[in-house]
>>> print(open('protein11.cif').read())   # mmCIF, C-alpha atoms
data_query
#
loop_
_atom_site.label_atom_id
_atom_site.label_comp_id
_atom_site.auth_asym_id
_atom_site.auth_seq_id
_atom_site.Cartn_x
_atom_site.Cartn_y
_atom_site.Cartn_z
CA MET A 1 7.64 -3.30 -8.41
CA SER A 2 6.60 -2.18 -11.90
CA SER A 3 8.34 1.07 -12.86
CA ILE A 4 5.74 1.92 -15.53
CA LEU A 5 2.90 1.44 -13.06
CA LYS A 6 4.74 3.58 -10.52
CA ILE A 7 5.09 6.36 -13.10
CA LYS A 8 1.38 6.17 -13.97
CA GLU A 9 0.24 6.17 -10.34
CA ARG A 10 2.08 9.42 -9.54
CA MET A 11 0.98 11.31 -12.66
CA PRO A 12 -1.34 13.77 -10.81
CA SER A 13 1.55 15.08 -8.70
CA TYR A 14 4.03 15.83 -11.52
CA THR A 15 5.14 19.23 -12.72
CA GLU A 16 4.57 20.07 -16.39
CA GLY A 17 8.09 18.98 -17.33
CA GLU A 18 7.84 15.77 -15.31
CA ARG A 19 4.50 15.02 -16.97
CA ARG A 20 6.12 15.25 -20.42
CA ILE A 21 8.91 12.90 -19.34
CA ALA A 22 6.41 10.46 -17.82
CA LYS A 23 4.17 10.49 -20.89
CA TYR A 24 7.15 9.91 -23.20
CA ILE A 25 8.34 6.92 -21.16
CA ILE A 26 4.85 5.40 -20.98
CA ASP A 27 4.16 5.89 -24.70
CA HIS A 28 7.63 4.75 -25.83
CA LYS A 29 8.63 2.20 -23.19
CA GLU A 30 10.12 -0.08 -25.85
CA ASP A 31 12.20 2.70 -27.45
CA VAL A 32 13.33 4.37 -24.24
CA ILE A 33 15.27 1.28 -23.13
CA GLY A 34 18.91 2.06 -23.80
CA GLU A 35 18.37 5.77 -24.46
CA SER A 36 20.39 8.27 -22.49
CA SER A 37 18.96 10.98 -20.26
CA GLN A 38 20.14 13.51 -22.84
CA VAL A 39 18.13 11.84 -25.64
CA VAL A 40 15.00 11.69 -23.47
CA ALA A 41 15.52 15.33 -22.53
CA GLU A 42 15.69 16.38 -26.18
CA LYS A 43 12.51 14.46 -27.03
CA THR A 44 10.59 15.89 -24.09
CA LYS A 45 11.96 19.46 -24.33
CA THR A 46 13.40 19.26 -20.82
CA SER A 47 16.98 18.83 -19.60
CA ALA A 48 19.13 15.81 -18.77
CA SER A 49 19.23 16.92 -15.13
CA SER A 50 15.41 17.04 -15.10
CA VAL A 51 15.26 13.45 -16.37
CA VAL A 52 17.69 12.35 -13.65
CA ARG A 53 15.71 14.20 -10.95
CA PHE A 54 12.50 12.60 -12.23
CA SER A 55 14.13 9.17 -11.88
CA LYS A 56 15.33 9.91 -8.35
CA ARG A 57 11.86 11.15 -7.37
CA LEU A 58 10.56 7.69 -8.28
CA GLY A 59 13.11 6.12 -5.96
CA TYR A 60 15.81 5.16 -8.47
CA VAL A 61 19.52 6.01 -8.23
CA GLY A 62 19.36 7.75 -11.62
CA PHE A 63 18.02 7.40 -15.13
CA THR A 64 20.18 4.33 -15.85
CA ASP A 65 18.62 2.59 -12.86
CA LEU A 66 15.12 3.54 -14.05
CA ASN A 67 15.99 2.31 -17.55
CA LEU A 68 16.96 -1.11 -16.18
CA ALA A 69 13.66 -1.27 -14.29
CA ILE A 70 11.73 -0.41 -17.46
CA ALA A 71 13.52 -3.23 -19.28
CA ALA A 72 12.50 -5.61 -16.49
CA ASP A 73 8.90 -4.46 -16.90
CA LYS A 74 8.84 -6.11 -20.32
CA GLU A 75 8.48 -9.42 -18.48
CA LEU A 76 5.19 -8.26 -16.92
CA PRO A 77 2.01 -8.53 -19.01
CA GLU A 78 -0.16 -5.44 -19.33
CA ILE A 79 -3.68 -5.68 -17.93
CA ASP A 80 -6.42 -4.52 -20.26
CA LEU A 81 -8.58 -2.20 -18.20
CA LEU A 82 -12.37 -2.35 -18.42
CA GLU A 83 -15.00 -0.09 -16.95
CA THR A 84 -15.84 -1.78 -13.65
CA ILE A 85 -18.47 0.51 -12.16
CA ILE A 86 -21.81 -1.28 -12.21
CA VAL A 87 -24.69 0.13 -14.23
CA SER A 88 -28.41 -0.40 -13.78
CA ASN A 89 -28.89 -2.69 -16.79
CA ASP A 90 -26.07 -5.12 -15.91
CA ASP A 91 -27.26 -8.71 -15.66
CA VAL A 92 -25.85 -11.01 -12.98
CA HIS A 93 -23.25 -12.54 -15.30
CA THR A 94 -21.93 -9.10 -16.30
CA MET A 95 -21.82 -8.03 -12.67
CA VAL A 96 -19.84 -11.16 -11.73
CA GLN A 97 -17.36 -10.63 -14.57
CA LYS A 98 -16.86 -6.97 -13.69
CA ALA A 99 -16.29 -7.81 -10.03
CA LYS A 100 -13.86 -10.59 -10.98
CA HIS A 101 -11.89 -8.31 -13.29
CA ALA A 102 -11.83 -5.43 -10.81
CA ASN A 103 -10.56 -7.60 -7.94
CA GLN A 104 -7.93 -9.39 -10.03
CA ASN A 105 -6.75 -6.11 -11.51
CA THR A 106 -6.49 -4.45 -8.10
CA LEU A 107 -4.50 -7.32 -6.58
CA SER A 108 -2.17 -7.51 -9.58
CA LYS A 109 -1.43 -3.80 -9.35
CA THR A 110 -0.97 -4.00 -5.59
CA TYR A 111 1.76 -6.63 -5.87
CA LYS A 112 3.44 -4.79 -8.76
CA LEU A 113 3.62 -1.55 -6.75
CA LEU A 114 4.91 -3.24 -3.62
CA ASP A 115 8.35 -2.17 -2.39
CA GLU A 116 9.61 -5.41 -0.87
CA ARG A 117 12.46 -3.71 0.99
CA LYS A 118 10.02 -1.42 2.81
CA LEU A 119 7.75 -4.39 3.47
CA GLU A 120 10.65 -6.33 4.99
CA SER A 121 11.62 -3.37 7.19
CA SER A 122 8.01 -2.96 8.30
CA ILE A 123 7.76 -6.65 9.21
CA GLU A 124 10.99 -6.45 11.19
CA ALA A 125 9.68 -3.44 13.12
CA LEU A 126 6.39 -5.24 13.88
CA THR A 127 8.27 -8.36 14.97
CA GLN A 128 10.39 -6.40 17.46
CA ALA A 129 7.52 -4.22 18.75
CA ASP A 130 6.35 -4.49 22.34
CA ASN A 131 2.91 -3.32 21.28
CA ILE A 132 1.34 -2.64 17.89
CA PHE A 133 -1.18 0.19 17.65
CA ILE A 134 -3.53 -0.19 14.67
CA VAL A 135 -5.27 2.82 13.13
CA GLY A 136 -8.11 2.69 10.60
CA LEU A 137 -11.20 4.88 10.17
CA GLY A 138 -14.26 4.44 7.96
CA GLY A 139 -13.72 1.82 5.25
CA SER A 140 -10.18 1.26 6.51
CA SER A 141 -11.55 0.20 9.91
CA ILE A 142 -12.55 -3.16 8.38
CA VAL A 143 -8.93 -3.83 7.45
CA ALA A 144 -7.64 -2.57 10.80
CA GLN A 145 -10.05 -4.79 12.72
CA ASP A 146 -9.13 -7.81 10.58
CA LEU A 147 -5.43 -7.34 11.36
CA TYR A 148 -6.22 -6.85 15.05
CA HIS A 149 -8.12 -10.15 15.17
CA LYS A 150 -5.30 -12.04 13.44
CA LEU A 151 -2.58 -10.60 15.66
CA THR A 152 -4.62 -11.33 18.77
CA ARG A 153 -4.94 -14.99 17.77
CA ILE A 154 -1.16 -15.40 17.57
CA ASN A 155 -0.67 -13.70 20.93
CA LYS A 156 0.92 -10.52 19.54
CA LYS A 157 0.17 -7.61 21.84
CA CYS A 158 -1.80 -5.00 19.92
CA THR A 159 -4.22 -2.15 20.49
CA TYR A 160 -7.20 -1.24 18.32
CA THR A 161 -10.64 0.24 18.81
CA GLN A 162 -13.18 1.84 16.47
CA ASP A 163 -13.63 4.56 19.08
CA PHE A 164 -10.92 6.98 17.97
CA HIS A 165 -11.05 8.94 21.22
CA MET A 166 -10.11 5.78 23.10
CA LEU A 167 -7.40 4.93 20.58
CA LEU A 168 -5.93 8.41 20.83
CA THR A 169 -5.95 8.09 24.61
CA SER A 170 -3.99 4.85 24.38
CA LEU A 171 -1.49 6.51 22.01
CA THR A 172 -0.64 8.90 24.83
CA PHE A 173 1.46 6.07 26.26
CA ILE A 174 3.06 4.77 23.06
CA SER A 175 6.85 4.43 23.31
CA LYS A 176 9.89 3.93 21.09
CA GLU A 177 9.56 0.16 21.58
CA ASP A 178 6.15 0.21 19.86
CA VAL A 179 4.86 0.46 16.30
CA SER A 180 1.84 2.37 14.99
CA ILE A 181 0.40 1.09 11.72
CA ALA A 182 -2.19 3.21 9.91
CA PHE A 183 -4.45 2.32 6.98
CA SER A 184 -5.56 5.39 5.01
CA TYR A 185 -6.40 5.19 1.31
CA SER A 186 -6.15 8.96 0.76
CA GLY A 187 -3.41 9.55 3.32
CA GLU A 188 -5.28 12.71 4.30
CA THR A 189 -7.68 11.36 6.95
CA TYR A 190 -7.33 13.79 9.85
CA GLU A 191 -7.56 11.18 12.58
CA ALA A 192 -5.01 8.86 10.96
CA ASN A 193 -2.58 11.75 10.52
CA LEU A 194 -3.08 12.82 14.13
CA ALA A 195 -2.41 9.27 15.34
CA GLN A 196 0.81 8.88 13.32
CA LYS A 197 2.00 12.35 14.34
CA GLN A 198 1.51 11.44 17.99
CA ALA A 199 3.28 8.09 17.57
CA LYS A 200 6.18 9.72 15.73
CA SER A 201 6.56 12.39 18.43
CA LYS A 202 6.94 9.64 21.04
CA GLY A 203 9.69 7.89 19.09
CA ALA A 204 7.60 4.92 17.96
CA THR A 205 8.11 3.38 14.52
CA THR A 206 5.31 4.35 12.15
CA VAL A 207 4.07 2.36 9.15
CA SER A 208 1.42 3.75 6.81
CA ILE A 209 -0.47 2.10 3.94
CA THR A 210 -1.86 4.63 1.47
CA SER A 211 -2.47 5.18 -2.24
CA ASN A 212 -0.79 8.59 -2.24
CA PRO A 213 2.99 8.57 -1.61
CA ARG A 214 2.96 12.37 -1.33
CA SER A 215 0.04 12.65 1.11
CA SER A 216 0.20 14.28 4.53
CA ILE A 217 0.50 10.98 6.42
CA THR A 218 3.86 10.21 4.80
CA LYS A 219 5.42 13.08 6.79
CA TYR A 220 4.82 11.09 9.95
CA SER A 221 5.75 7.66 8.56
CA ASP A 222 9.01 5.75 8.76
CA TYR A 223 7.77 3.28 6.16
CA VAL A 224 5.12 3.91 3.50
CA LEU A 225 3.58 0.99 1.61
CA VAL A 226 1.77 2.22 -1.50
CA ILE A 227 -1.40 0.70 -2.94
CA PRO A 228 -2.99 1.52 -6.34
CA GLN A 229 -5.23 4.53 -6.84
CA GLU A 230 -8.23 2.50 -7.98
CA GLU A 231 -11.34 4.33 -6.81
CA LYS A 232 -13.53 6.14 -9.35
CA GLU A 233 -15.48 9.30 -8.57
CA LEU A 234 -18.38 7.05 -7.65
CA ARG A 235 -16.95 4.95 -4.84
CA LEU A 236 -19.21 1.99 -4.23
CA GLY A 237 -18.14 1.19 -0.70
CA SER A 238 -14.40 1.67 -1.39
CA ILE A 239 -14.31 -1.90 -2.72
CA ALA A 240 -11.05 -1.77 -4.67
CA SER A 241 -9.11 0.02 -1.94
CA ARG A 242 -10.31 -2.49 0.66
CA PHE A 243 -8.92 -5.40 -1.36
CA ALA A 244 -5.57 -3.64 -1.77
CA LEU A 245 -5.34 -2.74 1.91
CA LEU A 246 -6.23 -6.30 2.93
CA ALA A 247 -3.53 -7.69 0.62
CA ILE A 248 -0.83 -5.58 2.31
CA SER A 249 -2.25 -6.35 5.76
CA ASP A 250 -2.05 -10.08 5.03
CA LEU A 251 1.57 -9.78 3.87
CA LEU A 252 2.50 -8.02 7.11
CA TYR A 253 0.75 -10.78 9.07
CA PHE A 254 2.44 -13.56 7.07
CA GLY A 255 5.82 -11.91 7.65
CA LEU A 256 5.20 -11.73 11.39
CA ALA A 257 4.04 -15.34 11.50
CA LYS A 258 6.96 -16.83 9.56
CA ASN A 259 9.53 -15.37 11.94
CA ASN A 260 8.29 -17.60 14.76
CA LEU A 261 6.22 -20.18 12.90
CA ASP A 262 6.28 -23.09 15.39
CA LYS A 263 5.05 -20.93 18.27
CA ILE A 264 2.53 -19.19 16.02
CA LEU A 265 1.00 -22.50 14.93
CA ASP A 266 0.70 -23.57 18.57
CA ASN A 267 -1.03 -20.28 19.42
CA LEU A 268 -3.45 -20.67 16.52
CA GLU A 269 -4.28 -24.22 17.55
CA SER A 270 -4.87 -23.15 21.15
CA SER A 271 -7.22 -20.34 20.13
CA ARG A 272 -9.04 -22.66 17.71
CA GLU A 273 -9.61 -25.27 20.42
CA LEU A 274 -10.98 -22.66 22.78
CA LEU A 275 -13.34 -21.26 20.14
CA LYS A 276 -14.65 -24.76 19.40
CA LYS A 277 -16.16 -24.81 22.90
CA LEU A 278 -18.61 -22.11 21.82
CA GLY A 279 -20.39 -24.64 19.64
CA ARG A 280 -20.83 -27.23 22.38
#
>>> encode(input="protein11.cif", output="structure tokens")
Amino acid sequence: MSSILKIKERMPSYTEGERRIAKYIIDHKEDVIGESSQVVAEKTKTSASSVVRFSKRLGYVGFTDLNLAIAADKELPEIDLLETIIVSNDDVHTMVQKAKHANQNTLSKTYKLLDERKLESSIEALTQADNIFIVGLGGSSIVAQDLYHKLTRINKKCTYTQDFHMLLTSLTFISKEDVSIAFSYSGETYEANLAQKQAKSKGATTVSITSNPRSSITKYSDYVLVIPQEEKELRLGSIASRFALLAISDLLYFGLAKNNLDKILDNLESSRELLKKLGR
């Protein structure tokens, strides 16, 4: 996961001192490699302990660990951002190029932000689950329904419905052997939070996919998989967030499938043969 991208994504939640540290690292990522926490503190008018706390808040052991991650970031090319919101005088070619850039940029950021250890733990929990409850409202419902269809085709017991009242009713009976997975771009959707809170209270494992690692839903989540904060003020159908959510959903599905690949392939073939009869 890109440390620089992680720093940028969390910028809105920083204190004033943390914002100065973040800005210094972003603006001087070449120079900061090898510097001590004391040097960074002097240049940002903070303290060495503040620099260490900032590093730990990002998930690193300390500033030395963050420094090593920044050095590794040098291997990752920067993506030149363009304005991707469509405008009325765009011709078809411009529209295609903007869409192409936006989708490629979103996917690249999604994979850079991904915490593979949390992904692995999430996959393990889903593999062991007796039943998987899938939560997604609004634009996220498309992603939730897609995962539900894929899991159903490989004979993995799961529960999903667009009727939240029915889903909440089913969550009444969730147990510690189950997993609840929620898709919520903002992490503040009331229904998604209510679902994860209920699942958590029953001892179930909870996995949440959100763009905000400090949102309300994280309080009820055992594992949080973070996607980029891509949406502009004008959200044209939550396009960027949908691509990011689908990318994480697919990785969870691939992880589930690989753990029992021979049986999964047989299940997929059986469902495909049955569906073929619809065209006869």
>>> closest_residue(input="protein11.cif", among="A:Asp73, A:Leu171, A:Leu113, A:Asp163", to="Thr210 (chain A)", atoms="all atoms listed in the file")
A:Leu113
>>> resolve_selection(input="protein11.cif", expression="the PyMOL selection byres ((chain A and resi 169) around 12)", output="number ranges by chain")
A: 133, 159-161, 163-168, 170-174, 194-195, 198-199
>>> atom_distance(input="protein11.cif", atom1="CA of Gly17 (chain A)", atom2="CA of Leu68 (chain A)")
22.0 Å
>>> closest_residue(input="protein11.cif", among="A:Glu18, A:Asp222, A:Glu177, A:Asp91", to="Ser122 (chain A)", atoms="all atoms listed in the file")
A:Asp222
>>> residues_around(input="protein11.cif", residues="Ile4 (chain A)", least_positions_apart="6", cutoff="9 Å", atoms="only C-alpha atoms", output="compact mmCIF listing (two decimals) with C-alpha atoms, keeping the file's coordinate frame")
# COMPACT_ATOMS: atom_id res chain seq x y z
CA ALA A 22 6.41 10.46 -17.82
CA ILE A 25 8.34 6.92 -21.16
CA ILE A 26 4.85 5.40 -20.98
CA LYS A 29 8.63 2.20 -23.19
CA ALA A 69 13.66 -1.27 -14.29
CA ILE A 70 11.73 -0.41 -17.46
CA ASP A 73 8.90 -4.46 -16.90
>>> closest_residue(input="protein11.cif", among="A:Arg272, A:Lys219, A:Arg214, A:Lys176", to="Asn193 (chain A)", atoms="all atoms listed in the file")
A:Lys219
>>> atom_distance(input="protein11.cif", atom1="CA of Ser47 (chain A)", atom2="CA of Ser2 (chain A)")
24.7 Å
>>> atom_distance(input="protein11.cif", atom1="CA of Ile209 (chain A)", atom2="CA of Leu225 (chain A)")
4.8 Å
>>> closest_residue(input="protein11.cif", among="A:Val135, A:Met95, A:Ile227, A:Val39", to="Ala182 (chain A)", atoms="all atoms listed in the file")
A:Val135
>>> closest_residue(input="protein11.cif", among="A:Gln162, A:Thr110, A:Gln97, A:Ser271", to="Ser211 (chain A)", atoms="all atoms listed in the file")
A:Thr110
>>> closest_residue(input="protein11.cif", among="A:Leu107, A:Leu151, A:Leu137, A:Val224", to="Thr189 (chain A)", atoms="all atoms listed in the file")
A:Leu137
>>> residues_around(input="protein11.cif", residues="His149 (chain A)", least_positions_apart="4", cutoff="12 Å", atoms="only C-alpha atoms", output="list in words")
Ile134, Ile142, Val143, Ala144, Gln145, Arg153, Ile154, Asn155, Lys156, Lys157, Cys158, Thr159, Tyr160, Thr161, Ser249, Asp250, Tyr253, Leu268 and Ser271 of chain A
>>> residues_around(input="protein11.cif", residues="region 139-141 of chain A", least_positions_apart="4", cutoff="8 Å", atoms="all atoms listed in the file", output="PyMOL selection string")
chain A and resi 135+145+162+183-185+237-238+242+245
>>> residues_near_point(input="protein11.cif", point="(4.7, 13.4, 11.4)", cutoff="7 Å", atoms="all atoms listed in the file", output="VMD selection string")
chain A and resid 196 to 197 200 217 219 to 221
>>> closest_atom_pairs(input="protein11.cif", of="region 121-236 of chain A", to="region 9-15 of chain A", cutoff="8 Å", atoms="all atoms listed in the file", output="CSV")
residue,atom,partner,partner_atom,distance
A:Asn212,CA,A:Arg10,CA,7.9
A:Arg214,CA,A:Ser13,CA,8.0
A:Pro228,CA,A:Glu9,CA,6.9
A:Gln229,CA,A:Glu9,CA,6.7
>>> write_last_selection(input="protein11.cif", atoms="C-alpha atoms", output="mmCIF file, keeping the file's coordinate frame")
data_model
loop_
_atom_site.group_PDB
_atom_site.id
_atom_site.type_symbol
_atom_site.label_atom_id
_atom_site.label_comp_id
_atom_site.auth_asym_id
_atom_site.auth_seq_id
_atom_site.Cartn_x
_atom_site.Cartn_y
_atom_site.Cartn_z
ATOM 1 C CA ASN A 212 -0.790 8.590 -2.240
ATOM 2 C CA ARG A 214 2.960 12.370 -1.330
ATOM 3 C CA PRO A 228 -2.990 1.520 -6.340
ATOM 4 C CA GLN A 229 -5.230 4.530 -6.840
#
>>> resolve_selection(input="protein11.cif", expression="the PyMOL selection byres ((chain A and resi 59) around 12)", output="list in words")
Met1, Ser3, Lys6, Ile7, Val52, Arg53, Phe54, Ser55, Lys56, Arg57, Leu58, Tyr60, Val61, Gly62, Phe63, Asp65, Leu66, Ala69, Asp115, Lys118 and Pro213 of chain A
